[in-house]
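*Asks:* Enclosed is the structure file my_file26.txt (compact mmCIF, C-alpha atoms).
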# COMPACT_ATOMS: atom_id res chain seq x y z
CA MET A 8 53.74 40.64 25.04
CA PHE A 9 53.83 40.50 28.81
CA LEU A 10 50.09 41.10 29.14
CA LYS A 11 49.25 38.30 26.70
CA THR A 12 51.33 35.81 28.66
CA THR A 13 49.65 36.78 31.91
CA ASN A 14 46.15 36.37 30.44
CA SER A 15 47.07 32.99 29.04
CA LYS A 16 48.25 31.78 32.46
CA GLU A 17 45.10 33.12 34.13
CA ASP A 18 42.89 31.40 31.56
CA CYS A 19 44.70 28.11 32.12
CA PHE A 20 44.34 28.46 35.87
CA LEU A 21 40.63 29.24 35.57
CA LYS A 22 40.06 26.21 33.32
CA LYS A 23 41.82 23.95 35.80
CA LEU A 24 39.82 25.43 38.68
CA VAL A 25 36.52 24.89 36.84
CA LEU A 26 37.50 21.32 35.98
CA PHE A 27 38.44 20.65 39.61
CA LEU A 28 35.12 22.04 40.85
CA ILE A 29 33.20 19.90 38.33
CA LEU A 30 35.08 16.78 39.44
CA LEU A 31 34.52 17.67 43.09
CA ALA A 32 30.80 18.15 42.50
CA PHE A 33 30.59 14.85 40.58
CA THR A 34 32.44 13.02 43.37
CA SER A 35 30.16 14.61 45.96
CA LEU A 36 27.09 13.49 44.03
CA GLN A 37 28.48 9.98 43.79
CA ALA A 38 29.22 9.87 47.50
CA GLN A 39 25.68 11.01 48.28
CA GLU A 40 23.95 8.60 45.89
CA VAL A 41 21.19 6.72 47.68
CA HIS A 42 20.13 3.28 46.50
CA SER A 43 16.59 2.50 47.61
CA VAL A 44 15.82 -1.23 47.53
CA SER A 45 12.67 -3.22 48.07
CA LEU A 46 12.74 -6.55 49.90
CA GLN A 47 12.41 -8.52 46.66
CA GLU A 48 15.22 -6.55 45.06
CA ALA A 49 17.42 -7.12 48.11
CA LEU A 50 16.79 -10.87 47.90
CA LYS A 51 17.64 -10.87 44.19
CA LEU A 52 20.86 -8.93 44.74
CA ALA A 53 21.89 -11.25 47.58
CA LYS A 54 21.45 -14.36 45.40
CA GLU A 55 23.47 -12.79 42.61
CA ASN A 56 26.25 -11.06 44.56
CA ASN A 57 26.58 -12.41 48.10
CA LYS A 58 30.06 -13.86 48.57
CA LYS A 59 28.89 -16.90 50.52
CA VAL A 60 26.48 -17.76 47.71
CA LEU A 61 29.21 -17.33 45.09
CA GLN A 62 31.56 -19.46 47.19
CA SER A 63 28.98 -22.25 47.38
CA GLN A 64 28.67 -22.16 43.59
CA LEU A 65 32.45 -22.56 43.31
CA GLU A 66 32.18 -25.64 45.51
CA ILE A 67 29.79 -27.16 42.97
CA THR A 68 32.35 -26.52 40.22
CA LEU A 69 35.07 -28.17 42.33
CA ALA A 70 32.82 -31.18 42.95
CA GLU A 71 32.15 -31.53 39.22
CA GLN A 72 35.87 -31.41 38.51
CA ASN A 73 36.37 -34.10 41.15
CA ILE A 74 33.99 -36.37 39.18
CA LYS A 75 36.07 -35.83 36.04
CA GLU A 76 39.24 -36.64 37.98
CA ARG A 77 37.77 -39.90 39.28
CA LYS A 78 36.63 -40.91 35.79
CA GLU A 79 40.17 -40.38 34.52
CA LEU A 80 41.25 -43.31 36.72
CA ARG A 81 39.86 -45.54 33.95
CA LEU A 82 42.38 -44.16 31.46
CA PRO A 83 45.75 -45.91 30.97
CA ASP A 84 48.89 -44.64 32.69
CA VAL A 85 51.53 -43.92 30.03
CA GLU A 86 55.17 -43.12 30.76
CA LEU A 87 58.12 -42.24 28.58
CA ASN A 88 61.58 -42.83 30.08
CA GLY A 89 65.05 -41.99 28.83
CA MET A 90 68.50 -42.68 30.24
CA TYR A 91 72.11 -42.03 29.33
CA SER A 92 75.07 -43.24 31.38
CA ARG A 93 78.76 -44.17 31.15
CA ILE A 94 80.15 -47.29 32.78
CA THR A 95 83.56 -48.62 33.70
CA ASN A 96 85.20 -51.77 32.48
CA ILE A 97 84.30 -55.00 34.23
CA THR A 98 86.99 -56.19 36.65
CA GLU A 99 86.94 -59.76 37.90
CA PHE A 100 89.19 -61.30 40.60
CA LYS A 101 89.69 -64.96 39.77
CA GLY A 102 92.65 -65.77 42.02
CA ASN A 103 92.70 -67.18 45.53
CA GLY A 104 92.64 -64.60 48.26
CA PHE A 105 91.35 -61.08 48.40
CA LEU A 106 91.73 -59.02 45.19
CA ASN A 107 94.03 -61.58 43.51
CA GLY A 108 93.98 -62.67 39.90
CA LYS A 109 92.58 -59.49 38.50
CA GLU A 110 91.15 -59.82 35.01
CA VAL A 111 89.66 -56.84 33.16
CA THR A 112 87.04 -57.10 30.45
CA LYS A 113 86.46 -54.05 28.37
CA ALA A 114 82.89 -52.85 28.35
CA ILE A 115 81.11 -50.56 25.97
CA PRO A 116 81.35 -47.31 27.97
CA GLU A 117 78.06 -45.64 26.91
CA ILE A 118 74.54 -46.84 27.58
CA TYR A 119 71.43 -45.35 25.93
CA GLU A 120 67.90 -46.31 26.76
CA VAL A 121 64.52 -44.89 25.62
CA ASN A 122 61.33 -46.78 26.43
CA SER A 123 57.63 -46.27 27.00
CA THR A 124 55.23 -48.17 29.25
CA PHE A 125 51.52 -48.17 29.75
CA LYS A 126 49.13 -49.81 32.18
CA MET A 127 45.34 -49.76 31.97
CA PRO A 128 43.08 -51.12 34.73
CA ILE A 129 40.67 -53.84 33.64
CA TYR A 130 39.28 -54.74 37.06
CA VAL A 131 40.31 -53.32 40.45
CA GLY A 132 37.61 -54.68 42.72
CA ASN A 133 35.04 -52.12 41.44
CA LYS A 134 37.01 -49.41 43.27
CA ILE A 135 37.01 -46.97 40.36
CA ASN A 136 33.23 -47.22 39.90
CA ASN A 137 32.69 -46.70 43.62
CA ALA A 138 35.11 -43.75 43.66
CA ILE A 139 33.12 -42.15 40.81
CA LYS A 140 29.88 -42.89 42.66
CA ILE A 141 31.19 -41.14 45.79
CA ALA A 142 32.26 -38.14 43.70
CA ASN A 143 28.73 -37.91 42.24
CA GLN A 144 27.22 -38.12 45.73
CA GLU A 145 29.57 -35.38 46.95
CA ASN A 146 28.51 -33.28 43.98
CA GLU A 147 24.86 -33.68 45.00
CA ILE A 148 25.77 -32.56 48.53
CA ALA A 149 27.55 -29.49 47.10
CA LYS A 150 24.41 -28.58 45.13
CA ILE A 151 22.17 -29.01 48.17
CA LYS A 152 24.59 -26.98 50.33
CA SER A 153 24.56 -24.22 47.72
CA GLU A 154 20.76 -24.25 47.82
CA LYS A 155 20.87 -24.13 51.62
CA THR A 156 23.34 -21.24 51.57
CA GLU A 157 21.05 -19.26 49.27
CA ASN A 158 18.07 -19.91 51.55
CA ASP A 159 20.07 -19.04 54.68
CA ILE A 160 21.23 -15.78 53.12
CA GLU A 161 17.70 -15.05 51.97
CA LEU A 162 16.39 -15.47 55.51
CA GLU A 163 19.24 -13.32 56.85
CA VAL A 164 18.37 -10.57 54.36
CA VAL A 165 14.69 -10.76 55.35
CA ALA A 166 15.52 -10.60 59.07
CA ASN A 167 17.88 -7.67 58.55
CA TYR A 168 15.44 -5.85 56.28
CA LEU A 169 12.51 -6.24 58.68
CA ALA A 170 14.68 -5.19 61.62
CA ILE A 171 15.54 -1.97 59.77
CA TYR A 172 11.89 -1.47 58.88
CA LYS A 173 10.92 -1.91 62.53
CA MET A 174 13.57 0.57 63.72
CA MET A 175 12.53 3.12 61.09
CA GLU A 176 8.92 2.89 62.21
CA LEU A 177 10.08 3.28 65.80
CA GLN A 178 12.08 6.34 64.74
CA LYS A 179 8.89 7.89 63.34
CA ILE A 180 7.15 7.25 66.66
CA PHE A 181 10.06 8.82 68.55
CA GLU A 182 10.07 11.89 66.31
CA GLU A 183 6.31 12.37 66.71
CA ASN A 184 6.65 11.88 70.45
CA ILE A 185 9.55 14.36 70.66
CA LYS A 186 7.40 17.03 69.00
CA GLU A 187 4.66 16.31 71.50
CA GLU A 188 7.14 16.40 74.42
CA LYS A 189 8.51 19.76 73.26
CA SER A 190 5.01 21.15 73.03
CA ARG A 191 4.19 19.80 76.49
CA LEU A 192 7.40 21.28 77.90
CA LYS A 193 6.37 24.71 76.62
CA GLU A 194 2.97 24.27 78.24
CA VAL A 195 4.52 23.26 81.58
CA GLN A 196 6.97 26.17 81.45
CA SER A 197 4.07 28.51 80.75
CA LEU A 198 2.09 27.08 83.68
CA GLN A 199 5.11 27.49 85.93
CA LYS A 200 5.36 31.16 85.03
CA HIS A 201 1.78 31.55 86.20
CA GLY A 202 2.59 29.64 89.36
CA THR A 203 0.20 26.79 88.74
CA VAL A 204 2.90 24.04 88.64
CA THR A 205 6.15 23.53 90.47
CA LYS A 206 9.71 23.50 89.14
CA ASN A 207 9.70 19.73 89.61
CA GLU A 208 7.02 19.43 86.92
CA VAL A 209 9.25 21.30 84.47
CA ILE A 210 12.26 19.15 85.32
CA ARG A 211 10.17 15.99 84.86
CA ALA A 212 9.05 17.18 81.42
CA GLU A 213 12.64 18.05 80.46
CA LEU A 214 13.87 14.62 81.58
CA GLN A 215 11.15 12.92 79.55
CA LEU A 216 12.15 14.92 76.45
CA SER A 217 15.86 14.14 76.99
CA ASP A 218 15.07 10.46 77.37
CA ARG A 219 13.14 10.44 74.07
CA GLU A 220 15.93 12.31 72.26
CA LEU A 221 18.54 9.85 73.55
CA ASN A 222 16.38 6.90 72.45
CA ALA A 223 15.93 8.47 69.02
CA LEU A 224 19.68 9.06 68.69
CA THR A 225 20.56 5.49 69.66
CA ASN A 226 17.89 4.10 67.35
CA SER A 227 19.13 6.20 64.39
CA LYS A 228 22.69 4.89 64.88
CA ASN A 229 21.37 1.33 65.06
CA ILE A 230 19.57 1.93 61.75
CA LYS A 231 22.86 3.02 60.15
CA ILE A 232 24.63 -0.10 61.43
CA ALA A 233 21.86 -2.40 60.20
CA LEU A 234 21.81 -0.65 56.79
CA HIS A 235 25.55 -1.21 56.49
CA ASP A 236 25.09 -4.89 57.32
CA LEU A 237 22.39 -5.14 54.67
CA LYS A 238 24.65 -3.40 52.18
CA THR A 239 27.34 -6.01 52.83
CA LEU A 240 24.84 -8.86 52.44
CA ILE A 241 23.67 -7.68 49.03
CA GLN A 242 27.09 -6.28 48.03
CA ILE A 243 26.18 -2.65 47.39
CA PRO A 244 29.36 -0.55 46.78
CA GLU A 245 30.73 1.36 49.76
CA ASN A 246 30.31 4.75 48.04
CA GLU A 247 26.53 4.24 47.74
CA GLU A 248 24.11 5.03 50.51
CA ILE A 249 21.31 2.49 50.90
CA ALA A 250 17.72 2.90 52.03
CA ILE A 251 14.88 0.43 52.25
CA ASP A 252 11.60 0.93 50.46
CA THR A 253 9.01 1.22 53.22
CA THR A 254 6.23 1.83 50.71
CA ALA A 255 6.45 -1.71 49.29
CA ASN A 256 4.03 -4.39 50.45
CA LEU A 257 5.68 -6.70 52.99
CA ASP A 258 2.56 -8.70 53.71
CA LYS A 259 3.53 -12.37 53.38
CA LEU A 260 0.84 -13.63 55.72
CA ASN A 261 -0.93 -16.14 53.50
CA GLY A 262 -2.47 -18.01 56.41
CA LEU A 263 -1.14 -20.79 58.58
CA ASP A 264 -1.30 -24.34 57.22
CA PRO A 265 -1.54 -27.34 59.58
CA TYR A 266 1.67 -28.48 61.27
CA ASP A 267 1.68 -31.80 59.37
CA PHE A 268 1.85 -29.94 56.04
CA TYR A 269 5.07 -28.20 57.05
CA MET A 270 6.50 -31.37 58.63
CA ASP A 271 6.01 -33.40 55.44
CA LYS A 272 7.91 -30.72 53.53
CA ALA A 273 10.60 -30.44 56.21
CA LEU A 274 11.48 -34.13 55.86
CA GLN A 275 12.80 -33.21 52.41
CA ASN A 276 14.51 -29.95 53.33
CA GLU A 277 18.21 -29.28 52.67
CA GLU A 278 19.51 -30.63 55.98
CA MET A 279 17.62 -33.93 55.61
CA ARG A 280 18.75 -34.35 52.00
CA ILE A 281 22.37 -33.68 52.95
CA ALA A 282 22.13 -36.24 55.77
CA SER A 283 20.65 -38.76 53.32
CA GLN A 284 23.48 -38.22 50.83
CA GLU A 285 26.07 -38.50 53.63
CA LEU A 286 24.56 -41.89 54.52
CA ASN A 287 24.78 -42.97 50.88
CA ILE A 288 28.45 -41.99 50.82
CA LYS A 289 29.16 -44.07 53.91
CA LYS A 290 27.49 -47.08 52.27
CA THR A 291 29.54 -46.61 49.10
CA GLU A 292 32.71 -46.30 51.18
CA LEU A 293 31.86 -49.70 52.68
CA GLN A 294 31.74 -51.17 49.16
CA LEU A 295 35.05 -49.46 48.44
CA VAL A 296 36.67 -51.14 51.46
CA LYS A 297 35.21 -54.52 50.51
CA GLY A 298 37.00 -54.15 47.17
CA ASN A 299 40.29 -54.78 49.01
CA TYR A 300 39.32 -58.48 49.16
CA LEU A 301 39.14 -58.71 45.37
CA PRO A 302 41.98 -59.15 42.85
CA THR A 303 43.15 -56.43 40.46
CA VAL A 304 43.72 -57.05 36.77
CA ASN A 305 45.63 -54.67 34.50
CA PHE A 306 46.46 -54.64 30.80
CA PHE A 307 50.07 -53.52 30.32
CA GLY A 308 52.71 -53.07 27.67
CA ASN A 309 56.11 -51.53 27.06
CA TYR A 310 58.42 -50.87 24.14
CA GLY A 311 61.94 -49.43 24.06
CA PHE A 312 65.19 -48.73 22.25
CA TYR A 313 68.37 -49.90 23.98
CA TYR A 314 72.10 -49.62 23.33
CA PRO A 315 74.26 -51.65 23.70
CA ASN A 316 72.77 -55.14 23.88
CA TYR A 317 73.53 -56.38 27.37
CA LYS A 318 71.29 -59.37 26.95
CA PHE A 319 74.44 -61.17 25.90
CA PHE A 320 77.88 -61.24 27.41
CA PRO A 321 80.14 -59.87 26.30
CA PRO A 322 77.64 -57.24 25.17
CA ASN A 323 77.01 -56.59 21.50
CA PRO A 324 77.58 -52.99 20.33
CA TYR A 325 74.24 -52.79 18.54
CA LEU A 326 71.07 -50.82 19.03
CA TYR A 327 68.10 -53.10 19.64
CA THR A 328 64.39 -52.84 20.41
CA LEU A 329 62.24 -54.91 22.71
CA GLY A 330 58.50 -54.77 23.35
CA GLN A 331 56.12 -56.55 25.67
CA VAL A 332 52.34 -56.68 26.07
CA GLY A 333 50.16 -58.71 28.42
CA ILE A 334 47.83 -58.92 31.39
CA GLU A 335 48.88 -58.92 35.02
CA ALA A 336 46.80 -59.96 38.02
CA ARG A 337 47.43 -59.19 41.68
CA PHE A 338 45.79 -60.49 44.79
CA ASP A 339 46.69 -59.03 48.18
CA ILE A 340 46.55 -62.02 50.52
CA SER A 341 47.27 -59.81 53.56
CA ALA A 342 43.90 -58.08 52.95
CA LEU A 343 42.19 -61.27 54.17
CA TYR A 344 43.27 -60.45 57.72
CA LYS A 345 44.10 -56.72 57.53
CA ASN A 346 40.80 -55.55 56.00
CA LYS A 347 38.47 -56.78 58.75
CA THR A 348 38.99 -53.75 60.95
CA LYS A 349 38.38 -51.41 58.03
CA ILE A 350 35.10 -53.21 57.31
CA GLU A 351 34.03 -52.83 60.95
CA GLN A 352 34.91 -49.13 60.89
CA ALA A 353 32.91 -48.59 57.70
CA ASN A 354 29.88 -50.33 59.24
CA LYS A 355 30.15 -48.20 62.39
CA LYS A 356 30.32 -45.06 60.27
CA ILE A 357 27.07 -46.11 58.60
CA GLU A 358 25.46 -46.61 62.01
CA TRP A 359 26.77 -43.22 63.17
CA GLN A 360 25.40 -41.48 60.08
CA GLN A 361 22.01 -43.18 60.50
CA MET A 362 21.92 -41.91 64.09
CA GLN A 363 22.98 -38.44 62.91
CA SER A 364 20.10 -38.40 60.42
CA GLU A 365 17.65 -39.25 63.21
CA ILE A 366 19.12 -36.49 65.40
CA ILE A 367 18.74 -33.94 62.60
CA LYS A 368 15.17 -35.09 62.02
CA ASP A 369 14.33 -34.62 65.73
CA GLU A 370 15.93 -31.16 65.77
CA ILE A 371 13.98 -30.08 62.68
CA GLN A 372 10.76 -31.44 64.17
CA ASP A 373 11.28 -29.51 67.42
CA LYS A 374 12.28 -26.32 65.61
CA LEU A 375 9.32 -26.55 63.24
CA TYR A 376 6.85 -27.16 66.07
CA LYS A 377 8.25 -24.18 67.98
CA GLU A 378 8.05 -21.85 64.97
CA HIS A 379 4.56 -23.08 64.01
CA THR A 380 3.30 -22.46 67.55
CA GLN A 381 5.02 -19.05 67.76
CA TYR A 382 3.56 -18.00 64.42
CA GLN A 383 0.09 -18.99 65.59
CA GLU A 384 0.65 -17.01 68.79
CA ILE A 385 1.69 -13.89 66.85
CA LEU A 386 -1.36 -14.10 64.61
CA GLU A 387 -3.57 -14.30 67.69
CA LYS A 388 -1.87 -11.17 69.08
CA PHE A 389 -3.19 -8.98 66.24
CA VAL A 390 -6.58 -8.47 67.87
CA VAL A 391 -4.95 -7.86 71.26
CA VAL A 392 -2.45 -5.22 70.06
CA ASP A 393 -5.15 -3.42 68.05
CA LYS A 394 -7.36 -3.25 71.12
CA ALA A 395 -4.42 -2.21 73.30
CA LEU A 396 -3.62 0.67 70.92
CA ASP A 397 -7.22 1.88 71.02
CA LEU A 398 -7.20 1.75 74.82
CA ALA A 399 -3.82 3.52 75.01
CA ASN A 400 -5.08 6.30 72.71
CA GLU A 401 -8.22 6.74 74.81
CA ASN A 402 -6.24 6.66 78.06
CA TYR A 403 -3.78 9.25 76.70
CA ARG A 404 -6.67 11.52 75.62
CA ILE A 405 -8.32 11.34 79.05
CA VAL A 406 -5.11 11.84 81.05
CA LYS A 407 -4.00 14.72 78.81
CA LEU A 408 -7.35 16.44 79.30
CA LYS A 409 -7.09 15.99 83.07
CA TYR A 410 -3.50 17.23 83.03
CA LEU A 411 -4.42 20.38 81.14
CA ASN A 412 -7.09 20.97 83.79
CA GLN A 413 -4.51 20.33 86.53
CA LEU A 414 -6.35 17.27 87.83
CA VAL A 415 -3.37 14.86 87.56
CA LEU A 416 0.37 15.14 88.00
CA ILE A 417 2.85 15.05 85.13
CA THR A 418 3.99 11.59 86.21
CA GLU A 419 0.59 10.22 85.16
CA MET A 420 0.90 12.10 81.89
CA VAL A 421 4.33 10.55 81.30
CA ASP A 422 2.99 7.09 82.10
CA ALA A 423 0.14 7.53 79.63
CA ASP A 424 2.60 8.81 77.03
CA ASN A 425 4.89 5.79 77.53
CA ALA A 426 1.94 3.41 77.34
CA LEU A 427 0.82 4.95 74.04
CA LEU A 428 4.31 4.79 72.58
CA GLN A 429 4.63 1.14 73.60
CA ALA A 430 1.20 0.30 72.14
CA LYS A 431 2.09 1.93 68.81
CA TYR A 432 5.38 0.05 68.66
CA ASN A 433 3.74 -3.26 69.65
CA LYS A 434 1.30 -2.99 66.74
CA ILE A 435 4.06 -2.43 64.18
CA SER A 436 6.42 -4.92 65.82
CA THR A 437 3.80 -7.67 65.96
CA HIS A 438 3.00 -7.34 62.28
CA LEU A 439 6.68 -7.44 61.25
CA ASP A 440 7.37 -10.31 63.66
CA ALA A 441 4.60 -12.26 61.96
CA VAL A 442 6.15 -11.66 58.54
CA LEU A 443 9.57 -12.78 59.77
CA LYS A 444 8.16 -15.83 61.55
CA HIS A 445 6.38 -16.82 58.35
CA TYR A 446 9.68 -16.70 56.47
CA GLU A 447 11.38 -18.72 59.23
CA LEU A 448 8.66 -21.36 59.10
CA LEU A 449 8.99 -21.67 55.32
CA HIS A 450 12.80 -21.80 55.66
CA THR A 451 12.70 -24.67 58.17
CA ALA A 452 10.16 -26.51 56.02
CA GLY A 453 12.48 -26.13 53.03
CA ILE A 454 9.91 -24.30 50.88
CA LEU A 455 11.18 -20.73 51.19
CA THR A 456 11.99 -20.48 47.47
CA GLN A 457 8.45 -21.64 46.63
CA SER A 458 6.81 -18.78 48.52
Using structure tokens, write down the structure from this file.

*Replies:*
Amino acid sequence: MFLKTTNSKEDCFLKKLVLFLILLAFTSLQAQEVHSVSLQEALKLAKENNKKVLQSQLEITLAEQNIKERKELRLPDVELNGMYSRITNITEFKGNGFLNGKEVTKAIPEIYEVNSTFKMPIYVGNKINNAIKIANQENEIAKIKSEKTENDIELEVVANYLAIYKMMELQKIFEENIKEEKSRLKEVQSLQKHGTVTKNEVIRAELQLSDRELNALTNSKNIKIALHDLKTLIQIPENEEIAIDTTANLDKLNGLDPYDFYMDKALQNEEMRIASQELNIKKTELQLVKGNYLPTVNFFGNYGFYYPNYKFFPPNPYLYTLGQVGIEARFDISALYKNKTKIEQANKKIEWQQMQSEIIKDEIQDKLYKEHTQYQEILEKFVVVDKALDLANENYRIVKLKYLNQLVLITEMVDADNALLQAKYNKISTHLDAVLKHYELLHTAGILTQS
């Protein structure tokens, strides 16, 4: 009996241990899951999941609800009121002097009242129509801002992605260079043993290797930081590791169109359209202020049950009803002299917004010209960096051959090595800079989504 109990406990413990190990392994696999994304996939995920994009979409919903709220101003206002109270008798003082000749009239002590009222605007100086118009214009701005947010996030994703790509390519160069530096260090140490080079040569080679290893370490940490930023942009869960797909084609260089082509498009980009809608709002607000000069006309009515009937005195102890329907008109005479300043302010706001639109146009024109010129410059660099890489490779080959034959010092070898590394990086960097600049040019022109 004792042995059976012991075996049962051991079996239970073993089952729990196995289950724990399975869960631990599953959790470990989850924690190590790597999500490799291409640039196009990253852009898609950002549009679907980025919090700023989702927030801008909520702003559209709020703007649409604001339109509904303004339209409800056309509906009648309806109220239902009820009242119950108790009153004292009526005391009159009919004698000469203060509080003399008191005479008390008994009143009906309870008062009941239930009534309803409604008022519906017929004409209020076109203010309701203008309020609805402003709400529609604000809704258009919300839509354009949402579009701009998506494009801004898209450009941010592209910039982040290409920066990671550039650092990863640099990391490959560092790793290749570190292998070469280690091999060179062994060669120098071997030459020192044979007395053909000095200790200083060995130290110089060791310093060069240490410098490369430090650069590689710093660069690898920067890659991790940039990957985390990208993960936040596209909302990848924290327990997933992310990597970019460096095998995908990033070539977006479809040629450079003339500056005027981009400028014509830029005049209709998001910033210009927002400025145009802001100007329209200011003009509608002017019409809204002018409505203060006009009369308001409302259709109204009320109906109620009352007890007792205090329309007569002494009051009658009867329940009675009374209804009323009609049209009321109001005209604010004070608006003739109070509204002038508001009109002036509204006109100045229109002038300010017109000036703001011109300022935005100038800024876009300058930015576009700068990016167009920079893109052209980068494209022209392709031939230069290719030639520079060929020259750096040839220079490195010659200097290395001389170094192995003890015809040059290690400092010249290090210089040639640095020049080759820089030439390799310049070739990769220039290509990726061109891709990014192309995206920036399309973004400023407002045609990024059409690419």

*Asks:* Quick one: residues within 8 Å of Gly311 of chain A, all atoms listed in the file, excluding same-chain residues fewer than 6 positions away - as a ChimeraX atom specification?

*Replies:* /A:120-123,328-330

*Asks:* Would you save the residues from that selection as a PDB file, in the coordinates of the input, using C-alpha atoms?

*Replies:*
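So result.pdb came out as:
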ATOM      1  CA  GLU A 120      67.900 -46.310  26.760  1.00  0.00           C
ATOM      2  CA  VAL A 121      64.520 -44.890  25.620  1.00  0.00           C
ATOM      3  CA  ASN A 122      61.330 -46.780  26.430  1.00  0.00           C
ATOM      4  CA  SER A 123      57.630 -46.270  27.000  1.00  0.00           C
ATOM      5  CA  THR A 328      64.390 -52.840  20.410  1.00  0.00           C
ATOM      6  CA  LEU A 329      62.240 -54.910  22.710  1.00  0.00           C
ATOM      7  CA  GLY A 330      58.500 -54.770  23.350  1.00  0.00           C
TER       8      GLY A 330
END

*Asks:* Can you work out which one of A:Thr225, A:Lys150, A:Ala212, A:Val332 has the shortest atom-to-atom distance to Met420 of chain A, counting all atoms listed in the file?

*Replies:*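 Smallest separation from Met420 of chain A among the options: A:Ala212.
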
*Asks:* Which is closer to Leu343 of chain A than all the others in A:Ile148, A:Val442, A:Met362, A:Val296, using all atoms listed in the file?

*Replies:*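 Selected residue with least distance to Leu343 of chain A: A:Val296.
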
*Asks:* Please report the interatomic distance between atom CA of Ala223 of chain A and atom CA of Phe181 of chain A in Å with one decimal.

*Replies:* 5.9 Å

*Asks:* Near Glu351 of chain A, counting only C-alpha atoms, which residues have an atom at most 12 Å away, once you skip same-chain residues fewer than 6 positions from it, shown as JSON, numbers by chain?

*Replies:* {"A": [292, 293, 296, 297, 345, 357, 358]}

*Asks:* Excluding Asn222 of chain A and residues on its chain fewer than 3 positions from it, collect all residues at most 12 Å away from it, counting all atoms listed in the file, and give them as a JSON list (two decimals) with C-alpha atoms, keeping the file's coordinate frame.

*Replies:*
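Okay, this is what ended up in out_30.json:
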[["chain", "number", "residue", "atom", "x", "y", "z"],
["A", 174, "MET", "CA", 13.57, 0.57, 63.72],
["A", 177, "LEU", "CA", 10.08, 3.28, 65.80],
["A", 178, "GLN", "CA", 12.08, 6.34, 64.74],
["A", 179, "LYS", "CA", 8.89, 7.89, 63.34],
["A", 180, "ILE", "CA", 7.15, 7.25, 66.66],
["A", 181, "PHE", "CA", 10.06, 8.82, 68.55],
["A", 182, "GLU", "CA", 10.07, 11.89, 66.31],
["A", 184, "ASN", "CA", 6.65, 11.88, 70.45],
["A", 185, "ILE", "CA", 9.55, 14.36, 70.66],
["A", 215, "GLN", "CA", 11.15, 12.92, 79.55],
["A", 216, "LEU", "CA", 12.15, 14.92, 76.45],
["A", 217, "SER", "CA", 15.86, 14.14, 76.99],
["A", 218, "ASP", "CA", 15.07, 10.46, 77.37],
["A", 219, "ARG", "CA", 13.14, 10.44, 74.07],
["A", 225, "THR", "CA", 20.56, 5.49, 69.66],
["A", 226, "ASN", "CA", 17.89, 4.10, 67.35],
["A", 227, "SER", "CA", 19.13, 6.20, 64.39],
["A", 228, "LYS", "CA", 22.69, 4.89, 64.88],
["A", 229, "ASN", "CA", 21.37, 1.33, 65.06]]

*Asks:* Taking all atoms listed in the file into account, name the residue in A:Phe306, A:Tyr314, A:Tyr91, A:Tyr432 that is nearest to Ala395 of chain A.

*Replies:*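 Of A:Phe306, A:Tyr314, A:Tyr91, A:Tyr432, the one nearest Ala395 of chain A is A:Tyr432, counting all atoms listed in the file.
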
*Asks:* Can you work out which one of A:Asn103, A:Lys173, A:Ala250, A:Lys368 has the shortest atom-to-atom distance to His42 of chain A, counting only C-alpha atoms?

*Replies:* A:Ala250

*Asks:* Mind checking which residues fall within 12 Å of segment 417-419 of chain A, counting all atoms listed in the file, ignoring those fewer than 6 positions away in the same chain, and posting them as a list of chain:residue names?

*Replies:*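 Contacts, with the query itself left out: A:Glu188, A:Arg191, A:Leu192, A:Glu194, A:Val195, A:Val204, A:Thr205, A:Lys206, A:Asn207, A:Glu208, A:Val209, A:Ile210, A:Arg211, A:Ala212, A:Glu213, A:Leu214, A:Gln215, A:Asn402, A:Tyr403, A:Ile405, A:Val406, A:Lys407, A:Leu408, A:Lys409, A:Tyr410, A:Leu411, A:Asn425, A:Ala426.
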
*Asks:* Considering only C-alpha atoms, state which residue in the set A:Ile371, A:Ala430, A:Ile435, A:Ala441 is at the smallest distance from Glu387 of chain A.

*Replies:*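 Closest candidate: A:Ala441.
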